[in-house]
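Here's the structure, in structure tokens; my notes come after.
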Amino acid sequence: MTTVVMHNVVSVDGFIADADDQVGPLFEWYGNGDVQLNEYAKVSKASADYVGPAMAKIGTLVVGRHVFDMTDGWGGVPPTGEHLVVVSHRPRPEGRHPDAPFHFVDGVEAAIAKARELTGEDRDIGVAAGDVGGQAFALGLVDEVAMDVVPVVFGSGKRYFGSVDAQHLLEDPHVVIQGDRVLHLRYRVRRQQP
């Protein structure tokens, strides 16, 4: 069964970037280990044993237009999974990675629906934390919350849960893995009883 997982690397005080979209030391753990995770990351064995299979299980990734533009669409290749769904009120940029498996939709609910259509039953949907992830979370569309917590305090910046302003309960973490300068946590979202 497909699981919708909201994920990002986060500071201990809940930020995924500073106010200028800089991640500073948040991604340093991607280069401090002995195990080659992919062409960009070399992490500790504990992190590789968790992150590698988690990334391989993602079939479709959902992101916001801001992240898509900042990364130039990852050069036309989704950073994980086979498809990328972009939440945007603007159309796909003309001439930019025309053959890439990118799908532009207007709205978070439409994005999750499109991701479900693209993702097989045995794969997961990843949702980037931040504004889009927070909206999906608030709408009850997220099944699990995954955080790679880095021991740094930002003090301000872009919040992991975006603009979520109501209380939501999570189950106890079912994944707790200590990497090198990172703590991997994963929680199931507690569903409210009708």
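In the structure tokens, chains take letters A, B, ... by order of appearance, with residues numbered from 1 within each chain and ligands from 1 in the order shown.
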Each residue of region 96-168 of chain A with at least one atom at most 10 Å from region 24-29 of chain A should appear once, together with its nearest atom pair and the corresponding distance in Å (one decimal); atoms considered: only C-alpha atoms; ordering: chain, then increasing residue number; output as CSV.
```
residue,atom,partner,partner_atom,distance
A:Asp148,CA,A:Leu26,CA,9.0
A:Val149,CA,A:Leu26,CA,8.3
A:Val150,CA,A:Leu26,CA,6.0
A:Pro151,CA,A:Leu26,CA,8.4
A:Val152,CA,A:Pro25,CA,7.5
A:Val153,CA,A:Leu26,CA,10.0
A:Phe154,CA,A:Gly24,CA,9.2
```
Would you save the residues of that selection, restricted to C-alpha atoms, as a short mmCIF file (atom, residue, chain, number, x, y, z; two decimals), in the first residue's frame?
```cif
data_model
loop_
_atom_site.label_atom_id
_atom_site.label_comp_id
_atom_site.auth_asym_id
_atom_site.auth_seq_id
_atom_site.Cartn_x
_atom_site.Cartn_y
_atom_site.Cartn_z
CA ASP A 148 16.63 13.99 9.67
CA VAL A 149 17.38 16.15 12.73
CA VAL A 150 20.74 17.94 12.72
CA PRO A 151 22.23 19.36 15.95
CA VAL A 152 22.03 23.05 15.01
CA VAL A 153 19.72 25.85 16.13
CA PHE A 154 18.69 28.31 13.40
#
```
For Ala129 (chain A), the nearest of the candidates A:Ala48, A:Ala146, A:Ile177, A:Ala115, counting only C-alpha atoms: A:Ala146
Two-atom distance - CA of Met147 (chain A), CA of Ala110 (chain A) (Å): 24.3 Å
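Once Thr80 (chain A) and its same-chain neighbours fewer than 3 positions away are set aside, Asn38, Val51, Gly52, Pro53, Ala54, Met55, Ala56, Lys57, Ile58, Gly59, Thr60, Leu61, Val62, Val63, Trp74, Gly76, Val77, His83, Leu84, Val85, Pro101, Arg123, Asp124, Ile125, Gly126, Val127 and Ala128 of chain A remain within 12 Å of it when counting only C-alpha atoms.
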Go ahead and save the picked residues with N, CA and C atoms, as a compact mmCIF listing (two decimals), in the first residue's frame.
```
# COMPACT_ATOMS: atom_id res chain seq x y z
N ASN A 38 24.98 7.84 -2.86
CA ASN A 38 24.71 8.10 -4.27
C ASN A 38 25.86 8.96 -4.77
N VAL A 51 18.59 5.57 4.97
CA VAL A 51 18.24 6.50 3.90
C VAL A 51 18.18 5.81 2.54
N GLY A 52 19.11 4.91 2.25
CA GLY A 52 19.12 4.24 0.95
C GLY A 52 17.80 3.54 0.64
N PRO A 53 17.35 2.62 1.50
CA PRO A 53 16.07 1.94 1.24
C PRO A 53 14.87 2.90 1.26
N ALA A 54 14.89 3.91 2.11
CA ALA A 54 13.78 4.87 2.16
C ALA A 54 13.67 5.63 0.85
N MET A 55 14.81 6.05 0.30
CA MET A 55 14.81 6.76 -0.98
C MET A 55 14.38 5.84 -2.12
N ALA A 56 14.84 4.60 -2.09
CA ALA A 56 14.51 3.65 -3.15
C ALA A 56 13.02 3.32 -3.18
N LYS A 57 12.34 3.46 -2.05
CA LYS A 57 10.91 3.15 -1.97
C LYS A 57 10.04 4.27 -2.54
N ILE A 58 10.59 5.49 -2.69
CA ILE A 58 9.82 6.63 -3.22
C ILE A 58 9.64 6.46 -4.73
N GLY A 59 8.39 6.50 -5.17
CA GLY A 59 8.08 6.44 -6.60
C GLY A 59 7.88 7.82 -7.19
N THR A 60 7.27 8.71 -6.40
CA THR A 60 6.97 10.06 -6.84
C THR A 60 7.25 11.03 -5.72
N LEU A 61 7.85 12.17 -6.06
CA LEU A 61 8.14 13.22 -5.08
C LEU A 61 7.28 14.43 -5.41
N VAL A 62 6.67 15.03 -4.37
CA VAL A 62 5.85 16.22 -4.50
C VAL A 62 6.59 17.38 -3.87
N VAL A 63 6.76 18.47 -4.63
CA VAL A 63 7.46 19.67 -4.14
C VAL A 63 6.68 20.91 -4.56
N TRP A 74 16.41 20.10 -10.69
CA TRP A 74 17.42 19.05 -10.53
C TRP A 74 17.96 18.60 -11.88
N GLY A 76 16.51 18.17 -14.61
CA GLY A 76 15.61 17.31 -15.37
C GLY A 76 15.48 15.90 -14.83
N VAL A 77 16.12 15.61 -13.69
CA VAL A 77 16.08 14.27 -13.09
C VAL A 77 15.55 14.39 -11.66
N HIS A 83 9.10 10.14 -10.79
CA HIS A 83 8.29 11.28 -11.18
C HIS A 83 8.41 12.40 -10.15
N LEU A 84 8.22 13.63 -10.63
CA LEU A 84 8.20 14.80 -9.77
C LEU A 84 6.90 15.56 -10.04
N VAL A 85 6.11 15.79 -9.00
CA VAL A 85 4.88 16.57 -9.11
C VAL A 85 5.15 17.91 -8.44
N PRO A 101 10.25 13.79 -16.40
CA PRO A 101 8.98 13.27 -15.88
C PRO A 101 8.39 14.19 -14.81
N ARG A 123 5.06 1.31 -3.85
CA ARG A 123 6.00 2.43 -3.69
C ARG A 123 5.35 3.51 -2.84
N ASP A 124 6.17 4.42 -2.33
CA ASP A 124 5.69 5.52 -1.50
C ASP A 124 5.70 6.83 -2.27
N ILE A 125 5.00 7.81 -1.71
CA ILE A 125 5.00 9.17 -2.22
C ILE A 125 5.76 10.02 -1.20
N GLY A 126 6.77 10.74 -1.67
CA GLY A 126 7.49 11.67 -0.81
C GLY A 126 6.92 13.07 -1.00
N VAL A 127 6.79 13.80 0.10
CA VAL A 127 6.34 15.19 0.05
C VAL A 127 7.38 16.03 0.77
N ALA A 128 7.91 17.03 0.09
CA ALA A 128 8.91 17.89 0.72
C ALA A 128 8.25 18.70 1.82
```
Residue contacts of Gly75 (chain A) (12 Å, only C-alpha atoms) excluding same-chain residues fewer than 6 positions away, as a list in words: Phe68, Asp69, Arg96, His97, Pro98, Asp99, Ala100, Pro101 and Phe102 of chain A
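Take the candidates A:Ala46, A:Glu94, A:Asp106, A:Val35 and check each one against Val176 (chain A) using only C-alpha atoms; the shortest distance goes to A:Ala46.
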Residue nearest Tyr187 (chain A) among A:Lys114, A:Arg159, A:His7, A:His89 (counting only C-alpha atoms): A:His7
